[in-house]
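Containing mmCIF, C-alpha atoms and all ligand atoms: input08.cif.
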```
data_structure
loop_
_atom_site.label_atom_id
_atom_site.label_comp_id
_atom_site.auth_asym_id
_atom_site.auth_seq_id
_atom_site.Cartn_x
_atom_site.Cartn_y
_atom_site.Cartn_z
CA MET A 262 100.76 93.34 26.06
CA LYS A 263 101.41 94.70 29.55
CA ALA A 264 100.17 92.81 32.60
CA ALA A 265 100.67 92.77 36.40
CA VAL A 266 101.97 89.32 37.35
CA LEU A 267 102.27 87.77 40.81
CA GLU A 268 105.35 85.52 40.77
CA THR A 269 105.45 84.41 44.40
CA SER A 270 103.11 84.63 47.35
CA PRO A 271 103.51 86.58 49.55
CA GLY A 272 104.80 89.05 47.00
CA GLU A 273 104.30 92.22 45.00
CA LEU A 274 102.99 92.49 41.45
CA VAL A 275 105.54 92.78 38.64
CA ILE A 276 104.66 94.59 35.40
CA ASP A 277 105.67 92.35 32.49
CA GLU A 278 105.21 92.02 28.71
CA ILE A 279 103.20 88.86 28.05
CA SER A 280 101.41 87.14 25.14
CA ILE A 281 97.73 86.32 24.81
CA ALA A 282 96.28 83.61 22.55
CA LYS A 283 93.50 84.05 19.96
CA PRO A 284 89.94 83.11 21.03
CA VAL A 285 88.86 79.53 20.30
CA ALA A 286 85.29 78.19 20.56
CA GLY A 287 83.43 79.63 23.53
CA GLU A 288 86.05 82.32 24.26
CA VAL A 289 86.03 86.11 24.09
CA LEU A 290 89.01 88.45 23.68
CA ILE A 291 88.53 91.75 25.48
CA GLN A 292 90.44 95.02 25.46
CA THR A 293 90.51 95.94 29.14
CA LEU A 294 89.58 99.57 29.79
CA ALA A 295 89.26 99.62 33.60
CA SER A 296 90.04 97.26 36.47
CA GLY A 297 89.17 97.78 40.13
CA LEU A 298 91.42 96.78 43.03
CA CYS A 299 89.49 94.28 45.20
CA HIS A 300 90.82 93.02 48.52
CA SER A 301 90.61 89.37 47.38
CA ASP A 302 93.67 89.92 45.14
CA LEU A 303 95.47 91.45 48.12
CA HIS A 304 94.68 88.28 50.12
CA VAL A 305 96.41 86.31 47.33
CA MET A 306 99.39 88.73 47.30
CA GLU A 307 99.70 88.37 51.09
CA GLY A 308 99.61 84.57 50.90
CA LEU A 309 96.27 84.34 52.75
CA LEU A 310 94.40 82.82 49.78
CA PRO A 311 96.10 80.22 47.57
CA ASN A 312 96.25 80.64 43.79
CA ALA A 313 98.29 78.90 41.08
CA LEU A 314 101.34 81.06 40.23
CA PRO A 315 102.70 82.84 38.30
CA ALA A 316 99.40 84.55 37.62
CA VAL A 317 97.98 87.76 36.23
CA LEU A 318 95.75 89.09 39.02
CA GLY A 319 92.65 91.29 38.74
CA HIS A 320 89.02 90.19 38.52
CA GLU A 321 86.88 93.38 38.67
CA ALA A 322 87.24 94.53 35.08
CA ALA A 323 85.41 96.10 32.17
CA GLY A 324 86.28 96.59 28.53
CA VAL A 325 85.31 96.13 24.90
CA VAL A 326 85.02 92.84 23.01
CA GLN A 327 87.74 92.61 20.34
CA ALA A 328 87.03 89.15 18.92
CA VAL A 329 84.91 86.08 19.68
CA GLY A 330 85.48 82.40 18.92
CA GLU A 331 82.79 80.07 17.56
CA ASP A 332 79.77 79.21 19.73
CA VAL A 333 79.54 82.58 21.45
CA PRO A 334 75.86 83.36 21.04
CA ASP A 335 75.48 86.56 23.04
CA LEU A 336 78.54 88.75 22.32
CA LYS A 337 80.14 90.43 19.30
CA PRO A 338 83.11 92.74 18.67
CA GLY A 339 82.43 96.24 19.94
CA ASP A 340 80.20 95.14 22.84
CA ARG A 341 81.04 96.78 26.16
CA VAL A 342 81.30 94.15 28.87
CA VAL A 343 81.93 93.67 32.59
CA SER A 344 83.72 90.53 33.81
CA CYS A 345 82.69 88.34 36.71
CA LEU A 346 84.51 85.47 38.38
CA THR A 347 81.33 83.41 38.79
CA MET A 348 81.63 82.07 35.24
CA PHE A 349 79.24 79.19 34.60
CA CYS A 350 78.53 76.35 32.19
CA GLY A 351 74.74 76.72 32.08
CA VAL A 352 74.04 72.97 32.08
CA CYS A 353 75.25 71.42 35.36
CA ALA A 354 72.73 70.68 38.13
CA GLU A 355 73.47 73.94 39.98
CA CYS A 356 73.14 76.03 36.81
CA ALA A 357 69.94 74.18 35.87
CA ALA A 358 68.55 75.05 39.31
CA GLY A 359 69.37 78.73 38.75
CA ARG A 360 72.39 78.79 41.07
CA THR A 361 74.94 79.74 38.41
CA TYR A 362 77.17 81.25 41.15
CA LEU A 363 77.73 77.67 42.38
CA CYS A 364 78.37 76.17 38.91
CA ALA A 365 80.13 72.81 39.31
CA LYS A 366 82.29 73.55 36.26
CA ARG A 367 83.42 77.05 37.29
CA ARG A 368 87.02 76.07 37.97
CA SER A 369 87.38 74.12 34.74
CA LEU A 370 86.08 77.10 32.72
CA ALA A 371 88.88 79.24 34.16
CA SER A 372 91.31 77.55 31.75
CA ARG A 373 91.14 75.66 28.45
CA SER A 374 90.08 72.01 28.46
CA ASP A 375 92.97 71.03 26.13
CA GLY A 376 95.51 72.51 28.55
CA SER A 377 96.90 75.09 26.09
CA PRO A 378 97.56 78.41 27.84
CA ARG A 379 95.53 81.54 27.24
CA LEU A 380 98.40 83.63 28.61
CA SER A 381 102.16 83.03 28.36
CA ARG A 382 105.52 84.76 28.56
CA GLY A 383 107.77 85.40 25.59
CA ASP A 384 109.71 82.20 26.35
CA GLY A 385 106.47 80.18 26.22
CA GLU A 386 106.07 79.74 29.99
CA PRO A 387 102.31 79.50 30.68
CA LEU A 388 100.73 82.04 33.02
CA HIS A 389 97.58 81.60 35.08
CA ALA A 390 94.85 84.24 35.30
CA LEU A 391 93.26 84.90 38.68
CA ALA A 392 89.77 83.35 38.66
CA GLY A 393 90.12 82.74 34.92
CA LEU A 394 89.98 86.50 34.27
CA GLY A 395 93.33 88.29 34.73
CA GLY A 396 91.95 91.83 34.72
CA PHE A 397 95.27 93.54 35.48
CA ALA A 398 96.27 93.27 31.82
CA GLU A 399 95.65 95.25 28.65
CA GLU A 400 93.64 92.33 27.26
CA MET A 401 91.68 89.42 28.74
CA LEU A 402 90.84 86.09 27.08
CA VAL A 403 87.94 84.47 28.92
CA HIS A 404 85.01 82.06 28.70
CA HIS A 405 81.98 83.87 27.25
CA ASN A 406 79.99 83.15 30.41
CA ALA A 407 82.57 85.15 32.40
CA VAL A 408 81.40 88.48 30.99
CA VAL A 409 78.12 90.28 30.43
CA LYS A 410 77.18 93.03 28.00
CA VAL A 411 76.37 96.37 29.60
CA PRO A 412 74.68 99.50 28.16
CA ASP A 413 76.80 101.64 25.82
CA ASP A 414 76.32 104.72 28.00
CA LEU A 415 77.67 103.06 31.17
CA PRO A 416 81.08 104.62 31.99
CA LEU A 417 83.44 101.68 32.37
CA VAL A 418 85.61 103.03 35.22
CA GLN A 419 82.50 102.91 37.39
CA GLY A 420 81.18 99.90 35.46
CA SER A 421 84.20 97.74 36.33
CA LEU A 422 83.13 97.84 39.99
CA LEU A 423 79.88 96.08 39.10
CA GLY A 424 81.98 92.98 38.37
CA CYS A 425 82.83 92.26 42.00
CA GLY A 426 82.42 94.91 44.73
CA VAL A 427 78.95 96.10 43.75
CA LEU A 428 77.60 92.70 42.70
CA THR A 429 78.90 91.14 45.91
CA GLY A 430 77.81 93.92 48.25
CA VAL A 431 74.42 94.85 46.82
CA GLY A 432 73.78 91.19 45.97
CA SER A 433 74.57 90.09 49.54
CA ALA A 434 71.82 92.39 50.83
CA LEU A 435 69.24 91.77 48.07
CA ARG A 436 69.88 88.19 46.96
CA GLY A 437 71.93 86.53 49.71
CA ALA A 438 70.28 87.81 52.89
CA LYS A 439 67.08 89.13 51.24
CA VAL A 440 66.98 92.09 53.63
CA GLU A 441 63.38 92.99 54.43
CA PRO A 442 61.87 96.50 54.42
CA GLY A 443 61.83 98.04 57.89
CA SER A 444 64.57 95.79 59.25
CA THR A 445 67.79 96.64 61.11
CA VAL A 446 71.18 95.94 59.56
CA ALA A 447 74.81 96.17 60.70
CA VAL A 448 77.73 96.13 58.27
CA ILE A 449 81.21 95.54 59.70
CA GLY A 450 83.89 96.88 57.34
CA CYS A 451 83.04 99.68 54.89
CA GLY A 452 85.39 99.11 51.97
CA GLY A 453 84.37 98.40 48.39
CA ILE A 454 82.22 95.48 49.55
CA GLY A 455 80.78 96.86 52.79
CA LEU A 456 79.72 100.21 51.28
CA ASN A 457 77.75 98.25 48.71
CA ILE A 458 76.08 96.13 51.37
CA VAL A 459 75.05 99.42 52.97
CA GLN A 460 73.53 100.71 49.73
CA GLY A 461 71.96 97.31 49.04
CA ALA A 462 70.28 97.43 52.45
CA GLN A 463 69.05 100.93 51.67
CA LEU A 464 67.64 99.76 48.32
CA ALA A 465 65.87 96.97 50.21
CA GLY A 466 64.22 99.52 52.48
CA ALA A 467 66.00 98.72 55.76
CA ALA A 468 64.91 101.12 58.50
CA ARG A 469 68.24 101.28 60.27
CA ILE A 470 71.68 100.61 58.77
CA ILE A 471 74.62 100.72 61.17
CA ALA A 472 78.06 100.98 59.55
CA VAL A 473 81.12 99.82 61.53
CA ASP A 474 84.71 100.62 60.52
CA LEU A 475 88.05 101.60 62.04
CA HIS A 476 88.33 104.80 59.98
CA ASP A 477 86.17 107.91 60.35
CA SER A 478 86.61 108.67 56.61
CA LYS A 479 84.90 105.35 55.81
CA LEU A 480 82.11 105.98 58.30
CA GLU A 481 81.44 109.39 56.70
CA LEU A 482 81.36 107.73 53.28
CA ALA A 483 79.03 105.02 54.60
CA LYS A 484 76.53 107.74 55.59
CA THR A 485 76.40 108.93 51.97
CA PHE A 486 75.68 105.32 50.93
CA GLY A 487 72.71 105.08 53.29
CA ALA A 488 74.05 104.33 56.78
CA THR A 489 71.71 105.81 59.39
CA ASP A 490 74.17 105.26 62.27
CA VAL A 491 77.92 104.72 62.49
CA VAL A 492 80.10 102.92 65.04
CA SER A 493 83.87 103.36 65.24
CA ALA A 494 85.54 99.99 65.81
CA SER A 495 88.58 101.83 67.14
CA GLY A 496 86.67 103.12 70.16
CA GLY A 497 85.41 100.06 72.04
CA ASP A 498 83.43 96.89 71.39
CA PRO A 499 81.19 97.27 68.30
CA VAL A 500 78.88 94.50 69.60
CA VAL A 501 78.04 96.54 72.71
CA ALA A 502 77.58 99.70 70.63
CA VAL A 503 75.28 98.03 68.07
CA LYS A 504 73.22 96.34 70.79
CA GLU A 505 72.83 99.68 72.61
CA LEU A 506 71.79 101.50 69.43
CA THR A 507 69.17 98.86 68.59
CA LYS A 508 68.12 97.93 72.14
CA GLY A 509 69.11 94.30 71.76
CA GLY A 510 70.61 93.58 68.35
CA VAL A 511 70.03 93.70 64.60
CA ASP A 512 68.03 91.56 62.19
CA TYR A 513 70.98 91.18 59.81
CA ALA A 514 74.74 91.58 60.37
CA PHE A 515 77.35 91.35 57.60
CA GLU A 516 81.09 90.83 58.01
CA ALA A 517 82.90 92.48 55.07
CA ILE A 518 86.58 92.39 56.06
CA GLY A 519 87.75 88.76 56.20
CA LEU A 520 88.67 88.47 59.90
CA THR A 521 87.52 85.75 62.27
CA ALA A 522 87.13 88.24 65.16
CA THR A 523 84.70 90.40 63.19
CA ALA A 524 82.80 87.30 62.01
CA GLN A 525 82.25 86.51 65.71
CA GLN A 526 81.11 90.10 66.27
CA ALA A 527 78.55 89.79 63.45
CA PHE A 528 77.17 86.60 65.02
CA GLU A 529 76.99 88.21 68.47
CA MET A 530 75.18 91.38 67.34
CA ILE A 531 72.17 89.69 65.71
CA LYS A 532 68.90 89.14 67.56
CA PRO A 533 67.75 85.59 68.36
CA GLY A 534 66.34 83.73 65.38
CA ARG A 535 68.44 85.73 62.89
CA THR A 536 71.42 84.97 60.66
CA ALA A 537 74.79 86.73 60.43
CA TYR A 538 76.48 86.73 57.02
CA LEU A 539 80.16 86.24 56.28
CA VAL A 540 81.08 88.12 53.11
CA GLY A 541 84.77 88.75 53.83
CA VAL A 542 87.09 85.83 53.11
CA PRO A 543 89.10 84.75 56.19
CA PRO A 544 92.61 83.36 55.59
CA ILE A 545 92.52 79.76 54.33
CA GLY A 546 92.58 77.39 57.32
CA ALA A 547 91.36 79.98 59.84
CA GLN A 548 88.64 78.64 62.16
CA ILE A 549 85.74 80.73 63.46
CA GLU A 550 84.67 79.99 67.04
CA LEU A 551 81.02 80.57 67.90
CA HIS A 552 79.05 80.08 71.10
CA GLY A 553 77.45 76.73 70.26
CA ALA A 554 74.75 76.97 72.91
CA MET A 555 73.83 80.48 71.76
CA MET A 556 73.43 79.12 68.27
CA THR A 557 70.95 76.47 69.39
CA LEU A 558 69.10 78.09 72.26
CA GLN A 559 68.79 81.45 70.51
CA ALA A 560 68.30 79.88 67.08
CA LYS A 561 71.09 81.98 65.54
CA GLY A 562 73.04 81.22 62.38
CA LEU A 563 76.15 82.21 60.45
CA GLN A 564 76.14 81.85 56.69
CA GLY A 565 78.77 82.58 54.07
CA LEU A 566 77.74 84.46 50.93
CA PHE A 567 79.62 84.02 47.65
CA MET A 568 79.50 86.86 45.10
CA GLY A 569 76.23 88.05 46.58
CA MET A 570 74.57 84.75 45.50
CA SER A 571 73.85 86.73 42.35
CA ARG A 572 73.22 85.56 38.80
CA PHE A 573 75.53 88.15 37.33
CA LYS A 574 74.23 88.00 33.75
CA GLU A 575 70.94 89.37 35.10
CA ASP A 576 72.10 91.38 38.08
CA ILE A 577 74.98 93.37 36.56
CA PRO A 578 72.76 94.87 33.80
CA MET A 579 70.06 95.50 36.44
CA MET A 580 72.60 97.35 38.64
CA ALA A 581 73.94 99.26 35.60
CA ASP A 582 70.40 100.48 34.91
CA LEU A 583 69.94 101.52 38.54
CA TYR A 584 73.17 103.57 38.27
CA LEU A 585 72.08 105.18 35.00
CA GLN A 586 68.74 106.09 36.66
CA GLY A 587 70.63 107.69 39.57
CA ARG A 588 69.46 105.05 42.07
CA LEU A 589 72.79 103.29 42.69
CA LYS A 590 76.02 105.03 43.69
CA LEU A 591 79.15 104.13 41.73
CA ASP A 592 80.96 107.45 41.23
CA GLU A 593 81.48 107.82 44.98
CA LEU A 594 83.19 104.40 45.17
CA VAL A 595 86.05 105.52 42.92
CA ALA A 596 88.58 107.14 45.28
CA ALA A 597 91.35 107.25 42.67
CA THR A 598 92.11 106.25 39.10
CA ILE A 599 95.62 104.90 38.60
CA THR A 600 97.78 103.38 35.85
CA LEU A 601 98.69 99.70 35.68
CA ASP A 602 102.24 100.64 36.77
CA GLN A 603 100.80 102.05 40.02
CA VAL A 604 98.98 98.84 41.03
CA ASN A 605 101.25 98.07 44.03
CA GLU A 606 100.84 101.65 45.31
CA GLY A 607 97.07 101.19 44.92
CA TYR A 608 97.24 98.12 47.16
CA GLU A 609 99.36 100.06 49.69
CA VAL A 610 96.45 102.51 49.96
CA MET A 611 94.04 99.59 50.46
CA ARG A 612 96.21 98.23 53.31
CA LYS A 613 95.74 101.55 55.15
CA GLY A 614 91.95 101.17 54.85
CA THR A 615 91.12 104.86 54.55
CA GLU A 616 89.89 105.01 50.92
CA ALA A 617 87.18 103.28 48.85
CA ARG A 618 88.21 101.77 45.50
CA SER A 619 91.25 102.53 43.31
CA VAL A 620 90.59 101.72 39.66
CA ILE A 621 93.25 101.08 37.02
CA VAL A 622 92.45 102.91 33.79
CA PHE A 623 94.09 101.58 30.60
CA ASP A 624 94.90 103.90 27.65
N1 LIG A 701 82.09 86.83 49.46
C1 LIG A 701 82.53 87.20 48.28
O1 LIG A 701 82.07 86.71 47.26
C2 LIG A 701 83.57 88.27 48.18
C3 LIG A 701 83.75 88.98 46.99
C4 LIG A 701 84.71 89.99 46.96
C5 LIG A 701 85.47 90.28 48.07
N2 LIG A 701 85.29 89.55 49.21
C6 LIG A 701 86.03 89.81 50.44
O2 LIG A 701 85.43 90.89 51.14
C7 LIG A 701 86.40 91.45 52.04
C8 LIG A 701 86.39 92.97 51.90
O3 LIG A 701 86.88 93.35 50.63
P1 LIG A 701 87.01 94.90 50.24
O4 LIG A 701 87.53 94.93 48.83
O5 LIG A 701 85.79 95.64 50.60
O6 LIG A 701 88.19 95.34 51.23
P2 LIG A 701 88.64 96.80 51.69
O7 LIG A 701 90.05 96.67 52.09
O8 LIG A 701 88.25 97.79 50.63
O9 LIG A 701 87.70 97.11 52.96
C9 LIG A 701 87.88 96.56 54.22
C10 LIG A 701 87.36 97.57 55.23
O10 LIG A 701 87.39 96.96 56.53
C11 LIG A 701 87.83 97.93 57.47
N3 LIG A 701 88.35 97.21 58.65
C12 LIG A 701 89.53 96.55 58.75
N4 LIG A 701 89.64 95.98 59.98
C13 LIG A 701 88.50 96.31 60.66
C14 LIG A 701 88.01 96.01 61.97
N5 LIG A 701 88.71 95.27 62.83
N6 LIG A 701 86.78 96.48 62.30
C15 LIG A 701 86.06 97.23 61.45
N7 LIG A 701 86.48 97.55 60.20
C16 LIG A 701 87.69 97.09 59.82
C17 LIG A 701 88.83 98.76 56.72
O11 LIG A 701 89.03 100.01 57.33
C18 LIG A 701 88.18 98.85 55.34
O12 LIG A 701 87.32 99.96 55.25
C19 LIG A 701 87.73 90.77 51.68
O13 LIG A 701 87.94 89.70 52.58
C20 LIG A 701 87.47 90.22 50.29
O14 LIG A 701 88.31 89.12 49.97
C21 LIG A 701 84.35 88.56 49.27
ZN ZN A 702 86.56 90.82 44.32
ZN ZN A 703 77.23 74.94 35.63
#
```

As structure tokens, what does this structure read like?
Amino acid sequence: MKAAVLETSPGELVIDEISIAKPVAGEVLIQTLASGLCHSDLHVMEGLLPNALPAVLGHEAAGVVQAVGEDVPDLKPGDRVVSCLTMFCGVCAECAAGRTYLCAKRRSLASRSDGSPRLSRGDGEPLHALAGLGGFAEEMLVHHNAVVKVPDDLPLVQGSLLGCGVLTGVGSALRGAKVEPGSTVAVIGCGGIGLNIVQGAQLAGAARIIAVDLHDSKLELAKTFGATDVVSASGGDPVVAVKELTKGGVDYAFEAIGLTATAQQAFEMIKPGRTAYLVGVPPIGAQIELHGAMMTLQAKGLQGLFMGMSRFKEDIPMMADLYLQGRLKLDELVAATITLDQVNEGYEVMRKGTEARSVIVFD
């Protein structure tokens, strides 16, 4: 089958013919139908996030179950599924406490316990799969708790985005920060993640949602997702602008880019007693400097949010239903559909920052 493989980092993806194993106990084989381009893979391609290589990238995918191994209670061939990188064991202390997104076994579920490869090249060289998924391939072989069944009438191009961008963004507002009705919110960075934080804040009933981005096209899009105000980061200090608009600061600020400077901005634009949320992933090793005294004397906090702190087996079907009821925007997130061969061009578009999501559609 065809897959996009990252050989070296930094590096570009290479389209290659690779082999995939048959599902053993607990595994599911999926025919991939759509796979979104998330910035986290670009961080790996740019060498900002480490990952074992060579690896098939892609983690925001949807498809149809082809085959299941033994001990897969909840899936059968023909089921339409969305993948999620917060795969979980269901029995560790975090899972037992309901925090499946922090499962202590997540990393070990990303590969087989006996060490045999799920993916390999023709010559037998094993290949890794990003986050245990490898969505930039015609098929995926994953742990059954890495996917969730979705309704048959959910279109999977849009549905693939539920697997990361939507779950992370909407989840960050609803589950992570628990945005309250009537509150004020700022979202710095309006890509696939930030636009979904905006619509999550709208779903939560926020009174004022201020979108911040470098590109006017993104700010216009943010308005259609529920932003009540927009601030161009290319025209001055967004902290000053947000504080002016709100006469002193917001209740919630989200960083959705992965830069230390914008994480500082998020912290500075919240009111005393509030928390700023880091959703973007800064380069590994980067340190964020905060005014320590401001943190104590103004009782301010900065918290990271992972995958929206969402239990995806519940939240992805819930978000799919909201879409099917016309209450969640997914169509507007898809800026372009591309082929697997065009994946590097898709990431070139992401580097420019002007468009929402590109989604790979498989034949
Ligand atoms: N926390 C999580 O669980 C999680 C999950 C998925 C992705 N992420 C991370 O979220 C971040 C965003 O991902 P994405 O797919 O939305 O990326 P994206 O490239 O689609 O969007 C980034 C946006 O930020 C804007 N931007 C860039 N620099 C800016 C600046 N200085 N000020 C204001 N806006 C600026 C760009 O114009 C673009 O609209 C990445 O770091 C990604 O790794 C985190
Ligand atoms: Zn992602
Ligand atoms: Zn667990």

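Proximity ranking of A:Ala596, A:Val329, A:Leu318, A:Ala390 relative to A:Ser478 places A:Ala596 first, based on only C-alpha atoms.
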
Quiz item: Please, which residues are within 9 Å of (97.2, 78.6, 37.0) by the file's coordinates, counting all atoms listed in the file, and could they come as a VMD selection string?
Solution: chain A and resid 312 to 316 371 to 372 387 to 393

Self-check item: Proximity to ligand LIG 701 (chain A) - best of A:Met555, A:Leu336, A:Ala472, A:Ile281, all atoms listed in the file
Solution: A:Ala472

Quiz item: Within 6 Å of ligand ZN 702 (chain A), counting all atoms listed in the file, which protein or nucleic acid residues do you find, written as a count of residues only?
Solution: 4

Practice problem: Around ligand LIG 701 (chain A), at most 7 Å away and counting only C-alpha atoms and all ligand atoms, which residues are there? Put them as a PyMOL selection string, please. | Solution: chain A and resi 299-301+304+425-426+429+449-455+473-476+479+494+517-519+523+540-543+566-569+611-612+614-615+617-618

Per-residue nearest contacts of chain A to ligand ZN 703 (chain A) (8 Å; all atoms listed in the file) as a Markdown table:
```
| residue | atom | partner | partner_atom | distance |
| --- | --- | --- | --- | --- |
| A:Phe349 | CA | A:ZN703 | ZN | 4.8 |
| A:Cys350 | CA | A:ZN703 | ZN | 3.9 |
| A:Gly351 | CA | A:ZN703 | ZN | 4.7 |
| A:Val352 | CA | A:ZN703 | ZN | 5.2 |
| A:Cys353 | CA | A:ZN703 | ZN | 4.0 |
| A:Ala354 | CA | A:ZN703 | ZN | 6.7 |
| A:Glu355 | CA | A:ZN703 | ZN | 5.8 |
| A:Cys356 | CA | A:ZN703 | ZN | 4.4 |
| A:Ala357 | CA | A:ZN703 | ZN | 7.3 |
| A:Thr361 | CA | A:ZN703 | ZN | 6.0 |
| A:Leu363 | CA | A:ZN703 | ZN | 7.3 |
| A:Cys364 | CA | A:ZN703 | ZN | 3.7 |
| A:Ala365 | CA | A:ZN703 | ZN | 5.1 |
| A:Lys366 | CA | A:ZN703 | ZN | 5.3 |
| A:Arg367 | CA | A:ZN703 | ZN | 6.7 |
```

Mind writing the picked residues with C-alpha atoms as a PDB file, keeping the file's coordinate frame?
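Okay, selection.pdb is ready:
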```pdb
ATOM      1  CA  PHE A 349      79.240  79.190  34.600  1.00  0.00           C
ATOM      2  CA  CYS A 350      78.530  76.350  32.190  1.00  0.00           C
ATOM      3  CA  GLY A 351      74.740  76.720  32.080  1.00  0.00           C
ATOM      4  CA  VAL A 352      74.040  72.970  32.080  1.00  0.00           C
ATOM      5  CA  CYS A 353      75.250  71.420  35.360  1.00  0.00           C
ATOM      6  CA  ALA A 354      72.730  70.680  38.130  1.00  0.00           C
ATOM      7  CA  GLU A 355      73.470  73.940  39.980  1.00  0.00           C
ATOM      8  CA  CYS A 356      73.140  76.030  36.810  1.00  0.00           C
ATOM      9  CA  ALA A 357      69.940  74.180  35.870  1.00  0.00           C
ATOM     10  CA  THR A 361      74.940  79.740  38.410  1.00  0.00           C
ATOM     11  CA  LEU A 363      77.730  77.670  42.380  1.00  0.00           C
ATOM     12  CA  CYS A 364      78.370  76.170  38.910  1.00  0.00           C
ATOM     13  CA  ALA A 365      80.130  72.810  39.310  1.00  0.00           C
ATOM     14  CA  LYS A 366      82.290  73.550  36.260  1.00  0.00           C
ATOM     15  CA  ARG A 367      83.420  77.050  37.290  1.00  0.00           C
TER      16      ARG A 367
END
```

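The space separating atom CA of A:Leu589 from atom CA of A:Gln463 comes to 10.0 Å.
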
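Compared by their closest atoms to A:Asp375, and using all atoms listed in the file, the residues A:Val305, A:Ala286, A:Val326, A:Leu394 rank with A:Ala286 nearest.
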
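The closest residue to A:Ala597, picked from A:Leu506, A:Ala527, A:Val418, A:Leu583 and counting only C-alpha atoms, is A:Val418.
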
Quiz item: Quick one: residues within 8 Å of A:Leu456, all atoms listed in the file counted, chain neighbours fewer than 5 positions away excluded, as an MDAnalysis selection string?
Solution: chainID A and resid 430 451 482:483 486

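Restricting the calculation to all atoms listed in the file, the smallest distance between A:Glu399 and any of A:Val342, A:Leu274, A:Met262, A:Leu267 is found for A:Met262.
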
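Environment of (93.0, 90.4, 32.4): residues at most 8 Å away, judged by all atoms listed in the file, are Ala264, Thr293, Val317, Leu318, Gly319, His320, Ala322, Ala390, Leu394, Gly395, Gly396, Phe397, Ala398, Glu399, Glu400, Met401 and Leu402 of chain A.
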
Preceding selection exported with C-alpha atoms as a CSV table (one decimal), in the frame of the given file:
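File produced: again_11.csv:
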```csv
chain,number,residue,atom,x,y,z
A,264,ALA,CA,100.2,92.8,32.6
A,293,THR,CA,90.5,95.9,29.1
A,317,VAL,CA,98.0,87.8,36.2
A,318,LEU,CA,95.8,89.1,39.0
A,319,GLY,CA,92.6,91.3,38.7
A,320,HIS,CA,89.0,90.2,38.5
A,322,ALA,CA,87.2,94.5,35.1
A,390,ALA,CA,94.8,84.2,35.3
A,394,LEU,CA,90.0,86.5,34.3
A,395,GLY,CA,93.3,88.3,34.7
A,396,GLY,CA,92.0,91.8,34.7
A,397,PHE,CA,95.3,93.5,35.5
A,398,ALA,CA,96.3,93.3,31.8
A,399,GLU,CA,95.6,95.2,28.6
A,400,GLU,CA,93.6,92.3,27.3
A,401,MET,CA,91.7,89.4,28.7
A,402,LEU,CA,90.8,86.1,27.1
```

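Here atom CA of A:Gly424 stands at a distance of 29.2 Å from atom CA of A:Ile531.
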
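Close contacts of A:Val285, defined as residues with an atom at most 10 Å away when counting all atoms listed in the file, with chain neighbours fewer than 6 positions off set aside, comprise Ala328, Val329, Gly330, Glu331, Asp332, Val333, Arg373, Arg379, Leu402, Val403 and His404 of chain A.
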
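Between atom CA of A:Val411 and atom CA of A:Leu428 the interatomic distance comes to 13.7 Å.
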
Quiz item: Could you pull the residues within 6 Å of stretch 268-273 of chain A, counting only C-alpha atoms, minus those fewer than 6 positions along the same chain, as a PyMOL selection string?
Solution: chain A and resi 306-308+315

I need the chosen residues saved as a PDB file, in the frame of the given file, with C-alpha atoms.
```
ATOM      1  CA  MET A 306      99.390  88.730  47.300  1.00  0.00           C
ATOM      2  CA  GLU A 307      99.700  88.370  51.090  1.00  0.00           C
ATOM      3  CA  GLY A 308      99.610  84.570  50.900  1.00  0.00           C
ATOM      4  CA  PRO A 315     102.700  82.840  38.300  1.00  0.00           C
TER       5      PRO A 315
END
```

Practice problem: Find the residues around A:Ala323 up to 9 Å (all atoms listed in the file counted), leave out those fewer than 3 positions away in its own chain, and share them as number ranges by chain. | Solution: A: 291-297, 341-344, 396, 408, 417-418, 420-424

Go ahead and write the selection's residues with C-alpha atoms as a PDB file, in the frame of the given file.
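Final output, again36.pdb:
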```
ATOM      1  CA  ILE A 291      88.530  91.750  25.480  1.00  0.00           C
ATOM      2  CA  GLN A 292      90.440  95.020  25.460  1.00  0.00           C
ATOM      3  CA  THR A 293      90.510  95.940  29.140  1.00  0.00           C
ATOM      4  CA  LEU A 294      89.580  99.570  29.790  1.00  0.00           C
ATOM      5  CA  ALA A 295      89.260  99.620  33.600  1.00  0.00           C
ATOM      6  CA  SER A 296      90.040  97.260  36.470  1.00  0.00           C
ATOM      7  CA  GLY A 297      89.170  97.780  40.130  1.00  0.00           C
ATOM      8  CA  ARG A 341      81.040  96.780  26.160  1.00  0.00           C
ATOM      9  CA  VAL A 342      81.300  94.150  28.870  1.00  0.00           C
ATOM     10  CA  VAL A 343      81.930  93.670  32.590  1.00  0.00           C
ATOM     11  CA  SER A 344      83.720  90.530  33.810  1.00  0.00           C
ATOM     12  CA  GLY A 396      91.950  91.830  34.720  1.00  0.00           C
ATOM     13  CA  VAL A 408      81.400  88.480  30.990  1.00  0.00           C
ATOM     14  CA  LEU A 417      83.440 101.680  32.370  1.00  0.00           C
ATOM     15  CA  VAL A 418      85.610 103.030  35.220  1.00  0.00           C
ATOM     16  CA  GLY A 420      81.180  99.900  35.460  1.00  0.00           C
ATOM     17  CA  SER A 421      84.200  97.740  36.330  1.00  0.00           C
ATOM     18  CA  LEU A 422      83.130  97.840  39.990  1.00  0.00           C
ATOM     19  CA  LEU A 423      79.880  96.080  39.100  1.00  0.00           C
ATOM     20  CA  GLY A 424      81.980  92.980  38.370  1.00  0.00           C
TER      21      GLY A 424
END
```

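The nearest approach to A:Pro378 among the residues A:Leu309, A:Ile279, A:Ala358, A:Val325, with only C-alpha atoms taken into account, belongs to A:Ile279.
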
Self-check item: 9 Å contact set for A:Ala465, all atoms listed in the file, chain neighbours under 4 positions out, as a ChimeraX atom specification
Solution: /A:434-435,439-443,460-461
